[in-house]
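Next comes protein_36.txt, with compact mmCIF, C-alpha atoms.
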```
# COMPACT_ATOMS: atom_id res chain seq x y z
CA MET A 1 184.60 -2.97 -23.44
CA LYS A 2 185.93 -0.83 -20.60
CA MET A 3 189.46 0.29 -21.29
CA ARG A 4 191.81 -1.05 -18.65
CA VAL A 5 193.97 1.41 -16.82
CA ALA A 6 196.24 -0.11 -14.22
CA HIS A 7 199.29 0.56 -12.14
CA LEU A 8 197.97 4.00 -11.19
CA ALA A 9 201.40 5.29 -10.20
CA LEU A 10 200.80 8.74 -8.75
CA VAL A 11 204.43 8.96 -7.82
CA LEU A 12 207.57 10.92 -8.05
CA GLY A 13 210.09 11.10 -5.25
CA LEU A 14 211.41 7.68 -6.28
CA SER A 15 215.10 7.17 -5.69
CA GLY A 16 216.87 7.96 -8.93
CA VAL A 17 213.86 9.52 -10.62
CA VAL A 18 214.33 13.16 -11.54
CA ALA A 19 211.23 15.31 -11.57
CA VAL A 20 210.02 16.61 -14.88
CA GLY A 21 207.83 19.55 -15.76
CA CYS A 22 204.13 18.96 -15.55
CA GLY A 23 202.99 21.11 -18.42
CA SER A 24 201.55 24.59 -18.46
CA ASP A 25 199.34 26.29 -15.90
CA ASP A 26 196.57 26.78 -18.43
CA ASP A 27 193.43 25.49 -16.80
CA SER A 28 191.02 26.35 -19.62
CA THR A 29 190.03 22.72 -19.79
CA THR A 30 187.05 20.49 -20.23
CA PRO A 31 184.40 20.92 -17.54
CA PRO A 32 184.87 18.86 -14.40
CA ARG A 33 182.64 15.83 -14.26
CA GLY A 34 181.81 12.77 -12.33
CA GLY A 35 181.19 11.77 -8.78
CA ALA A 36 181.57 8.59 -6.86
CA GLY A 37 178.96 8.61 -4.20
CA GLY A 38 181.00 11.31 -2.52
CA VAL A 39 184.04 11.64 -0.36
CA ALA A 40 183.42 12.83 3.17
CA GLY A 41 184.50 16.32 4.08
CA SER A 42 186.65 14.68 6.73
CA ALA A 43 187.17 11.07 7.76
CA GLY A 44 184.88 9.91 10.54
CA LYS A 45 181.87 12.12 9.82
CA ALA A 46 178.70 10.18 9.41
CA GLY A 47 177.06 10.23 6.00
CA SER A 48 174.07 12.51 6.35
CA ALA A 49 170.80 11.18 5.01
CA GLY A 50 168.38 13.29 3.04
CA LYS A 51 164.70 13.51 3.64
CA GLY A 52 163.37 10.20 4.78
CA GLY A 53 166.75 8.47 4.88
CA SER A 54 168.91 7.02 7.63
CA SER A 55 172.41 8.34 8.07
CA GLY A 56 174.38 5.07 8.13
CA ASN A 57 177.94 4.89 9.39
CA ALA A 58 180.72 7.28 8.62
CA GLY A 59 183.03 6.46 5.74
CA SER A 60 186.44 5.50 7.06
CA GLY A 61 189.65 7.21 6.01
CA ASN A 62 190.11 4.35 3.54
CA GLU A 63 186.57 4.15 2.24
CA SER A 64 186.28 7.89 1.80
CA GLY A 65 182.74 8.52 2.77
CA SER A 66 180.41 6.24 0.87
CA SER A 67 176.74 7.04 1.35
CA GLY A 68 176.36 5.78 4.86
CA GLU A 69 177.17 2.11 5.33
CA GLY A 70 177.27 0.36 1.98
CA GLY A 71 176.25 3.53 0.12
CA ALA A 72 172.58 2.85 0.81
CA ALA A 73 171.31 5.95 2.59
CA ALA A 74 167.92 6.65 1.06
CA GLY A 75 166.57 10.00 -0.04
CA ALA A 76 169.40 12.52 -0.26
CA GLY A 77 169.19 16.26 0.26
CA SER A 78 168.15 16.24 -3.41
CA GLU A 79 165.55 13.58 -2.48
CA GLN A 80 167.26 11.17 -4.87
CA GLY A 81 170.31 9.62 -3.22
CA GLY A 82 172.10 9.55 0.10
CA ALA A 83 174.54 12.38 0.67
CA ALA A 84 178.06 11.23 1.44
CA GLY A 85 179.97 12.55 4.41
CA ASP A 86 179.19 15.96 5.87
CA ASN A 87 176.98 17.51 3.21
CA THR A 88 177.82 20.99 4.40
CA GLY A 89 181.50 20.74 3.50
CA GLU A 90 182.81 21.74 0.09
CA ASN A 91 184.40 18.32 -0.24
CA ALA A 92 181.22 16.31 0.30
CA GLY A 93 180.18 14.62 -2.94
CA SER A 94 176.54 13.74 -3.34
CA ALA A 95 175.59 10.27 -4.47
CA GLY A 96 173.56 9.68 -7.57
CA GLU A 97 170.01 8.38 -7.67
CA GLY A 98 169.56 5.44 -5.34
CA GLY A 99 172.91 6.03 -3.65
CA SER A 100 174.97 4.74 -6.57
CA ALA A 101 178.02 6.46 -8.01
CA GLY A 102 176.78 9.20 -10.30
CA GLU A 103 178.08 11.85 -12.68
CA SER A 104 176.49 14.83 -10.96
CA HIS A 105 179.29 15.96 -8.70
CA VAL A 106 180.61 19.44 -9.38
CA TYR A 107 184.03 20.31 -8.00
CA THR A 108 184.76 23.72 -6.59
CA GLU A 109 187.51 25.95 -7.92
CA GLN A 110 189.19 25.64 -4.52
CA GLN A 111 189.27 21.85 -4.83
CA ILE A 112 190.73 21.98 -8.33
CA GLU A 113 193.37 24.50 -7.26
CA ARG A 114 194.34 22.45 -4.20
CA GLY A 115 194.53 19.35 -6.36
CA LYS A 116 196.74 21.12 -8.87
CA VAL A 117 199.22 22.09 -6.17
CA LEU A 118 199.24 18.58 -4.68
CA VAL A 119 199.63 16.81 -8.02
CA ARG A 120 202.19 19.15 -9.54
CA SER A 121 204.16 20.30 -6.53
CA VAL A 122 203.80 17.86 -3.61
CA ALA A 123 202.97 14.34 -4.84
CA LEU A 124 204.69 15.17 -8.15
CA CYS A 125 202.67 12.74 -10.25
CA GLY A 126 204.04 14.08 -13.53
CA GLY A 127 207.48 12.63 -12.88
CA CYS A 128 206.08 9.22 -13.83
CA HIS A 129 202.82 9.91 -15.63
CA THR A 130 204.03 12.55 -18.09
CA GLN A 131 206.37 11.37 -20.83
CA ALA A 132 209.48 13.54 -20.74
CA ALA A 133 210.86 15.25 -23.81
CA THR A 134 213.82 13.65 -25.57
CA SER A 135 216.28 14.84 -28.16
CA THR A 136 213.90 13.60 -30.85
CA ASP A 137 210.42 13.81 -29.33
CA PRO A 138 208.51 16.51 -27.46
CA ALA A 139 207.08 15.90 -24.00
CA GLY A 140 203.79 14.05 -23.83
CA PRO A 141 200.56 15.65 -22.60
CA GLU A 142 200.40 16.36 -18.90
CA LEU A 143 199.59 13.14 -17.02
CA GLY A 144 198.70 11.53 -20.34
CA GLY A 145 200.71 8.42 -19.49
CA ASN A 146 204.22 7.14 -19.96
CA PRO A 147 204.83 3.73 -21.56
CA LYS A 148 208.10 3.22 -19.70
CA PHE A 149 208.94 5.82 -17.10
CA LYS A 150 212.50 6.35 -15.92
CA ASN A 151 214.15 3.35 -14.23
CA SER A 152 211.05 1.18 -14.60
CA MET A 153 209.77 -1.37 -17.06
CA LEU A 154 206.20 -0.76 -15.90
CA PRO A 155 203.90 1.73 -17.62
CA ALA A 156 202.65 4.81 -15.81
CA PRO A 157 199.12 5.10 -17.18
CA ASN A 158 197.04 7.94 -18.49
CA LEU A 159 195.44 9.90 -15.63
CA THR A 160 193.29 12.23 -17.73
CA ASP A 161 189.52 11.97 -17.92
CA ASP A 162 189.65 10.15 -21.25
CA PRO A 163 188.28 6.62 -21.89
CA THR A 164 191.89 5.48 -22.27
CA GLY A 165 192.59 6.98 -18.87
CA ILE A 166 190.27 7.40 -15.87
CA GLY A 167 187.26 8.53 -17.89
CA ASP A 168 185.32 5.36 -17.10
CA TRP A 169 186.37 5.31 -13.42
CA SER A 170 184.28 6.72 -10.60
CA ASP A 171 185.93 9.15 -8.22
CA GLN A 172 185.91 6.46 -5.57
CA GLN A 173 187.70 4.00 -7.87
CA VAL A 174 190.45 6.55 -8.54
CA ILE A 175 190.86 7.24 -4.83
CA ASN A 176 190.84 3.52 -4.03
CA ALA A 177 193.66 3.02 -6.51
CA PHE A 178 196.03 5.63 -5.16
CA ARG A 179 195.15 5.14 -1.49
CA ASN A 180 194.67 1.35 -1.38
CA GLY A 181 196.45 0.04 -4.46
CA ILE A 182 193.40 -1.55 -6.11
CA ASP A 183 192.35 -0.56 -9.62
CA ASP A 184 188.86 -0.28 -11.09
CA GLU A 185 188.78 -4.01 -11.90
CA GLY A 186 189.99 -5.14 -8.49
CA ARG A 187 193.59 -5.80 -9.50
CA GLN A 188 196.51 -5.20 -7.15
CA LEU A 189 198.82 -2.36 -8.16
CA ASP A 190 202.59 -2.55 -7.81
CA SER A 191 204.05 -0.83 -4.75
CA ILE A 192 206.22 1.37 -6.94
CA MET A 193 203.00 3.38 -6.95
CA PRO A 194 203.14 4.52 -3.31
CA TYR A 195 199.62 3.72 -2.23
CA TRP A 196 201.27 2.58 1.00
CA LEU A 197 202.00 6.28 1.64
CA PHE A 198 198.98 7.88 -0.06
CA HIS A 199 196.83 5.56 2.08
CA ASN A 200 197.23 8.21 4.80
CA MET A 201 196.02 11.09 2.62
CA SER A 202 193.00 12.97 3.94
CA ASP A 203 189.61 12.73 2.24
CA PRO A 204 189.59 16.41 1.18
CA ASP A 205 193.06 16.17 -0.39
CA ALA A 206 192.22 12.88 -2.11
CA LEU A 207 189.09 14.35 -3.68
CA ALA A 208 190.99 17.51 -4.63
CA ILE A 209 193.44 15.37 -6.61
CA VAL A 210 190.55 13.71 -8.45
CA ALA A 211 189.01 17.12 -9.15
CA PHE A 212 192.23 18.35 -10.74
CA LEU A 213 192.70 15.17 -12.80
CA ARG A 214 189.16 15.57 -14.15
CA SER A 215 189.96 19.17 -15.16
CA LEU A 216 192.92 18.29 -17.38
CA PRO A 217 192.64 18.22 -21.18
CA HIS A 218 191.88 14.70 -22.36
CA ALA A 219 194.78 12.69 -23.75
CA SER A 220 193.89 9.63 -25.80
CA LEU A 221 196.79 7.33 -24.98
CA ALA A 222 196.65 3.75 -23.71
CA VAL A 223 200.09 2.86 -22.36
CA GLY A 224 199.80 -0.76 -21.29
CA GLU A 225 198.88 -3.02 -18.40
CA ALA A 226 200.17 -3.41 -14.87
CA ASN A 227 202.32 -6.18 -13.50
CA PRO A 228 199.79 -9.02 -13.00
CA SER A 229 201.84 -10.58 -10.19
CA ALA A 230 202.07 -7.53 -7.94
CA THR A 231 201.96 -8.27 -4.22
CA ALA A 232 200.21 -6.00 -1.77
CA VAL A 233 202.30 -4.24 0.88
CA LEU A 234 201.12 -2.86 4.19
CA PRO A 235 200.48 0.87 4.47
CA LEU A 236 203.06 2.98 6.27
CA SER A 237 201.57 3.80 9.65
CA PRO A 238 202.04 7.45 10.62
CA THR A 239 202.61 6.22 14.18
CA VAL A 240 206.03 4.82 13.23
CA LEU A 241 207.22 8.22 12.06
CA PRO A 242 208.66 10.59 14.66
CA ASP A 243 206.39 13.18 16.22
CA THR A 244 207.38 16.78 16.73
CA THR A 245 208.98 17.52 20.07
CA LEU A 246 207.06 20.81 20.30
CA ALA A 247 204.53 21.16 23.09
CA SER A 248 200.92 21.25 21.98
CA SER A 249 200.78 24.79 23.38
CA SER A 250 203.49 25.97 20.97
CA ALA A 251 202.46 28.45 18.30
CA ASP A 252 204.16 26.19 15.73
CA TYR A 253 202.61 22.93 16.89
CA ALA A 254 199.78 22.92 14.34
CA ALA A 255 202.26 23.56 11.53
CA ALA A 256 204.43 20.67 12.71
CA VAL A 257 201.42 18.34 12.75
CA GLN A 258 200.52 19.44 9.22
CA GLY A 259 204.13 18.86 8.16
CA LYS A 260 204.03 15.31 9.47
CA TYR A 261 200.77 14.70 7.64
CA LEU A 262 202.27 15.90 4.35
CA LEU A 263 205.35 13.69 4.74
CA SER A 264 203.34 10.63 5.78
CA GLY A 265 200.56 10.93 3.22
CA VAL A 266 201.50 13.03 0.18
CA ALA A 267 205.18 13.96 -0.31
CA GLN A 268 207.65 11.11 -0.43
CA CYS A 269 210.69 12.41 1.45
CA VAL A 270 210.52 9.43 3.81
CA LYS A 271 211.06 7.02 0.91
CA CYS A 272 214.35 8.50 -0.28
CA HIS A 273 215.70 9.84 3.01
CA SER A 274 215.26 6.68 5.13
CA PRO A 275 216.91 3.26 5.19
CA SER A 276 214.71 0.87 3.23
CA SER A 277 213.94 -2.77 2.58
CA ASN A 278 212.52 -3.83 -0.79
CA GLY A 279 212.09 -0.18 -1.66
CA LEU A 280 210.06 0.72 1.45
CA PRO A 281 211.29 2.87 4.35
CA VAL A 282 211.81 0.81 7.50
CA ALA A 283 213.87 2.60 10.17
CA ASP A 284 215.68 5.75 11.29
CA PHE A 285 213.19 7.76 9.29
CA PHE A 286 214.51 10.94 7.62
CA SER A 287 218.09 10.17 8.75
CA GLY A 288 219.42 9.87 5.21
CA VAL A 289 221.01 7.17 3.07
CA PRO A 290 224.79 7.18 2.41
CA PRO A 291 226.17 7.23 -1.14
CA ALA A 292 226.09 3.89 -2.93
CA ASN A 293 227.82 2.46 -6.00
CA ASN A 294 230.56 5.09 -5.91
CA THR A 295 228.10 7.93 -6.40
CA ALA A 296 228.63 11.28 -4.74
CA ILE A 297 224.97 12.30 -4.61
CA PHE A 298 222.92 10.92 -1.73
CA ALA A 299 219.82 11.47 0.39
CA SER A 300 221.01 13.57 3.32
CA ASN A 301 220.06 13.53 7.00
CA LEU A 302 216.90 15.60 7.48
CA THR A 303 216.77 15.36 11.27
CA PRO A 304 217.94 18.26 13.50
CA ASP A 305 221.24 16.61 14.44
CA ASP A 306 224.63 18.24 13.93
CA THR A 307 225.07 15.73 11.09
CA GLY A 308 221.78 16.92 9.64
CA LEU A 309 219.67 20.06 9.88
CA LEU A 310 220.64 21.25 13.37
CA ALA A 311 221.54 24.77 12.21
CA TRP A 312 218.56 25.04 9.87
CA THR A 313 215.34 26.93 10.54
CA ALA A 314 211.93 26.00 9.18
CA ASP A 315 212.31 28.83 6.67
CA ASP A 316 215.67 27.42 5.52
CA VAL A 317 213.97 24.11 4.75
CA ALA A 318 211.09 25.83 2.96
CA THR A 319 213.54 27.87 0.87
CA ALA A 320 215.49 24.76 -0.12
CA LEU A 321 212.29 23.00 -1.15
CA LYS A 322 210.97 25.89 -3.19
CA THR A 323 214.17 27.22 -4.75
CA GLY A 324 216.47 24.19 -4.88
CA VAL A 325 219.22 26.07 -3.01
CA ASN A 326 220.24 24.99 0.48
CA LYS A 327 221.25 27.01 3.54
CA SER A 328 224.86 27.17 2.34
CA GLY A 329 223.88 28.48 -1.08
CA ARG A 330 224.51 25.12 -2.73
CA THR A 331 222.18 23.96 -5.49
CA LEU A 332 220.48 20.67 -4.66
CA CYS A 333 220.78 18.07 -7.37
CA GLY A 334 220.44 14.38 -8.05
CA SER A 335 216.87 13.13 -7.79
CA MET A 336 215.87 15.77 -5.23
CA PRO A 337 212.80 17.37 -6.85
CA SER A 338 213.27 20.83 -5.36
CA GLY A 339 212.78 24.16 -7.09
CA VAL A 340 211.71 24.05 -10.72
CA LYS A 341 212.03 20.25 -10.72
CA GLY A 342 208.93 19.91 -8.57
CA TYR A 343 208.48 21.53 -5.18
CA GLY A 344 208.88 25.09 -6.45
CA ASN A 345 205.14 25.76 -6.61
CA MET A 346 204.32 24.14 -3.28
CA SER A 347 202.30 26.54 -1.16
CA ASP A 348 204.26 28.62 1.32
CA THR A 349 202.08 27.19 4.09
CA ASP A 350 202.86 23.57 3.21
CA ALA A 351 206.58 24.23 2.70
CA HIS A 352 206.79 26.00 6.06
CA ALA A 353 204.88 23.16 7.77
CA ILE A 354 207.36 20.60 6.43
CA GLY A 355 210.19 22.79 7.66
CA VAL A 356 208.71 23.10 11.14
CA TYR A 357 208.22 19.34 11.37
CA LEU A 358 211.68 18.32 10.18
CA THR A 359 213.44 20.80 12.45
CA THR A 360 211.54 19.68 15.55
CA ILE A 361 211.67 15.86 15.37
CA PRO A 362 214.16 13.89 17.50
CA PRO A 363 217.68 14.04 16.03
CA VAL A 364 219.42 10.99 14.56
CA SER A 365 223.21 11.04 14.29
CA LYS A 366 224.48 9.75 10.95
CA PRO A 367 227.77 11.37 9.94
CA SER A 368 227.84 9.63 6.56
CA THR A 369 224.73 11.52 5.45
CA ALA A 370 225.61 15.03 6.64
CA PRO A 371 224.32 17.53 4.06
CA GLY A 372 227.69 19.28 3.93
CA LEU A 373 229.38 16.17 2.52
CA GLU A 374 227.45 16.32 -0.71
CA PRO A 375 229.42 18.06 -3.47
CA ALA A 376 228.11 21.03 -5.36
CA CYS A 377 225.62 20.17 -8.05
CA PRO A 378 227.39 19.97 -11.44
CA THR A 379 226.77 22.84 -13.81
CA PRO A 380 224.53 21.67 -16.68
```
Translate this file's structure into C-alpha cells.
Amino acid sequence: MKMRVAHLALVLGLSGVVAVGCGSDDDSTTPPRGGAGGVAGSAGKAGSAGKGGSSGNAGSGNESGSSGEGGAAAGAGSEQGGAAGDNTGENAGSAGEGGSAGESHVYTEQQIERGKVLVRSVALCGGCHTQAATSTDPAGPELGGNPKFKNSMLPAPNLTDDPTGIGDWSDQQVINAFRNGIDDEGRQLDSIMPYWLFHNMSDPDALAIVAFLRSLPHASLAVGEANPSATAVLPLSPTVLPDTTLASSSADYAAAVQGKYLLSGVAQCVKCHSPSSNGLPVADFFSGVPPANNTAIFASNLTPDDTGLLAWTADDVATALKTGVNKSGRTLCGSMPSGVKGYGNMSDTDAHAIGVYLTTIPPVSKPSTAPGLEPACPTP
C-alpha cells in the first residue's frame, strides 16, 4: 500500500514560528532520482515532441510542463516519450516511455544547489519539516518530518525521498502539492502550507526544490495525516502586490522585478508583514502589523515611508536579511528568520533583489509599525 504523505507544508515564515537550523551542508547523499514527465524550462513554452511526435500545448505555470497537452506527445528525443517543456533547457525533464511519469530524470548540480538555497534559506522549509532539538532529544533529520511543529497541531510530513516521505511521489505530484495544495492522492492540503504563495513559483525553481529534496539522505519517519476537512483558498495574485516605482529603463529594474517574484512566490514576508484575514494577507501589503497581546515584538513596516524603510538602501535590507542586524545595529528577533535563523545563506543576488524591491514600492504610512519602535532583541 502506498504510504500516505499529506499536508506538505513547505513553510516557515509563519507568524510566531522561529526558524530552526536545517542540518549540515553535507551533500554526499543518495543519487538523485525520479522524474514526472518533466517541468518546462519556463512556463508557456510548448512541449517539444521527439521524432514523429506532435508538440501539444505548453504546460501552464500551474501544470508545470506536462508532455504536451495531457502528457501524450509521442516519440521523444529519446524516441520513447514526449519531451516536456523546452528540451534544451537544463530544467526540462523528459517523460518516460509513452509519455508517462518515469524515473529517468537526472537533475543537474546547478538545480540541486539552487534548490538547496531556496529550501534552506528562502522558503525555509526546515522550520516546520525538521523536528527541532529539545532539552532531552536531538534534532530530527533534515526535512524528515515533524509530528507537531511549533504552534500547530498538524504534522509537517517527511519530505525526503523515502517511502514514508515523497519516495513514491512523482516530481509533478510534489510540485502540485506545494504549488496547488493537492497531495498525491488528490486530497486538499491545509492553507498553513502556503501553496497560495508557492503557486506563483516559477517552473525552474519548483523543479530545483524537488531536485534538492531527492538529494537528501532518506529518513524513515511517518508523522501522521493531514486535516481531512481542509478548505482550499485562492492563490495570492502577484497583481495585488505593489509594483516597483522604478522605470523599466532603470539599471535596478530587473532586480526589483526579481525581488517581487521572490516575495510573491517563495519567501513569505508578505504573510507576516501585512494585515491578514484568517491567516492570509489581504491589504496594505508589507506595511507591518502592530504589536498584539501586550507583546513588544512585531512585524515592522517594510515600505519606504518615514515610518518604515525610507532611510534604508537595498544593501541595508540585504544586510539585515543575511546577518540579522538592522540599519541601526539592532539585532532582529522574534519570529523574523534573518541571519543564522534562516536567511543567512540566501544568495547575495536574491537578497539584493528583495532590497531593491522593498525600497522602491509605494510607501504606506503606519506609525505603529515603525521599525525604530521595536525594542532591542533580548540577550539569550
Inset, instruction - Grab the CA of Ser338 (chain A) to CA of Gly324 (chain A) distance for me, in Å with one decimal place. - result: 4.7 Å
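Take CA of Val240 (chain A) and CA of Thr303 (chain A): the distance between them is 15.2 Å.
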Inset, instruction - Select, from A:Val317, A:Leu213, A:Val282, A:Val270, the residue with the minimum atom-to-atom distance to Cys125 (chain A), counting all atoms listed in the file. - result: A:Leu213
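One distance worth recording is that between CA of Leu159 (chain A) and CA of His129 (chain A), which is 7.4 Å.
Counting only C-alpha atoms and comparing A:Gln173, A:Thr360, A:Ser202, A:Thr319, the residue that lies closest to Ala247 (chain A) is A:Thr360.
If only C-alpha atoms are the atoms counted, then among A:Gly372, A:Gly344, A:Pro235, A:Gly167 the closest residue to Ser328 (chain A) is A:Gly372.
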Inset, instruction - Would you please work out which residue, of A:Ser215, A:Ser191, A:Thr349, A:Thr313, is nearest to Thr231 (chain A) when using all atoms listed in the file? - result: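 Counting all atoms listed in the file, the residue closest to Thr231 (chain A) is A:Ser191.
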Legend entry - Top pick for closest residue to Asp205 (chain A), considering A:Thr307, A:Thr295, A:Gln110, A:Thr239 and counting all atoms listed in the file: A:Gln110
Legend entry - Among listed residues A:Pro281, A:Ile361, A:Arg330, A:Ala251, nearest Leu302 (chain A) (using only C-alpha atoms):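 Looking at the shortest contact to Leu302 (chain A), the residue is A:Ile361.
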Legend entry - Shell around Gly308 (chain A) at 8 Å using all atoms listed in the file, local window under 5 positions removed, as a PyMOL selection string: chain A and resi 287+300-303+365-366+369-371
Inset, instruction - Show which residues sit within 7 Å of region 256-258 of chain A, as a PyMOL selection string. Count only C-alpha atoms, and ignore same-chain residues fewer than 2 positions away. - result: chain A and resi 244+252-254+260-262+353-354+356-357
Inset, instruction - List every protein, DNA or RNA residue with an atom no more than 9 Å from (201.7, 3.3, 8.4) in the file's coordinates, counting all atoms listed in the file, and format the result as a list in words. - result: Trp196, Leu197, His199, Asn200, Leu234, Pro235, Leu236, Ser237, Pro238, Thr239, Val240, Leu241 and Ser264 of chain A
Can I get the selection written as a JSON list (two decimals), keeping the file's coordinate frame, with C-alpha atoms?
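After the write, again-v7.json holds the following:
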```json
[["chain", "number", "residue", "atom", "x", "y", "z"],
["A", 196, "TRP", "CA", 201.27, 2.58, 1.00],
["A", 197, "LEU", "CA", 202.00, 6.28, 1.64],
["A", 199, "HIS", "CA", 196.83, 5.56, 2.08],
["A", 200, "ASN", "CA", 197.23, 8.21, 4.80],
["A", 234, "LEU", "CA", 201.12, -2.86, 4.19],
["A", 235, "PRO", "CA", 200.48, 0.87, 4.47],
["A", 236, "LEU", "CA", 203.06, 2.98, 6.27],
["A", 237, "SER", "CA", 201.57, 3.80, 9.65],
["A", 238, "PRO", "CA", 202.04, 7.45, 10.62],
["A", 239, "THR", "CA", 202.61, 6.22, 14.18],
["A", 240, "VAL", "CA", 206.03, 4.82, 13.23],
["A", 241, "LEU", "CA", 207.22, 8.22, 12.06],
["A", 264, "SER", "CA", 203.34, 10.63, 5.78]]
```
Legend entry - Neighbour residues at most 12 Å from (193.1, 19.9, -6.6) (only C-alpha atoms) as a PyMOL selection string: chain A and resi 27+32+91+107-123+203-216
Put those residues in a file: C-alpha atoms, as a short mmCIF file (atom, residue, chain, number, x, y, z; two decimals), in the frame of the given file.
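Result saved to part.cif:
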```cif
data_model
loop_
_atom_site.label_atom_id
_atom_site.label_comp_id
_atom_site.auth_asym_id
_atom_site.auth_seq_id
_atom_site.Cartn_x
_atom_site.Cartn_y
_atom_site.Cartn_z
CA ASP A 27 193.43 25.49 -16.80
CA PRO A 32 184.87 18.86 -14.40
CA ASN A 91 184.40 18.32 -0.24
CA TYR A 107 184.03 20.31 -8.00
CA THR A 108 184.76 23.72 -6.59
CA GLU A 109 187.51 25.95 -7.92
CA GLN A 110 189.19 25.64 -4.52
CA GLN A 111 189.27 21.85 -4.83
CA ILE A 112 190.73 21.98 -8.33
CA GLU A 113 193.37 24.50 -7.26
CA ARG A 114 194.34 22.45 -4.20
CA GLY A 115 194.53 19.35 -6.36
CA LYS A 116 196.74 21.12 -8.87
CA VAL A 117 199.22 22.09 -6.17
CA LEU A 118 199.24 18.58 -4.68
CA VAL A 119 199.63 16.81 -8.02
CA ARG A 120 202.19 19.15 -9.54
CA SER A 121 204.16 20.30 -6.53
CA VAL A 122 203.80 17.86 -3.61
CA ALA A 123 202.97 14.34 -4.84
CA ASP A 203 189.61 12.73 2.24
CA PRO A 204 189.59 16.41 1.18
CA ASP A 205 193.06 16.17 -0.39
CA ALA A 206 192.22 12.88 -2.11
CA LEU A 207 189.09 14.35 -3.68
CA ALA A 208 190.99 17.51 -4.63
CA ILE A 209 193.44 15.37 -6.61
CA VAL A 210 190.55 13.71 -8.45
CA ALA A 211 189.01 17.12 -9.15
CA PHE A 212 192.23 18.35 -10.74
CA LEU A 213 192.70 15.17 -12.80
CA ARG A 214 189.16 15.57 -14.15
CA SER A 215 189.96 19.17 -15.16
CA LEU A 216 192.92 18.29 -17.38
#
```
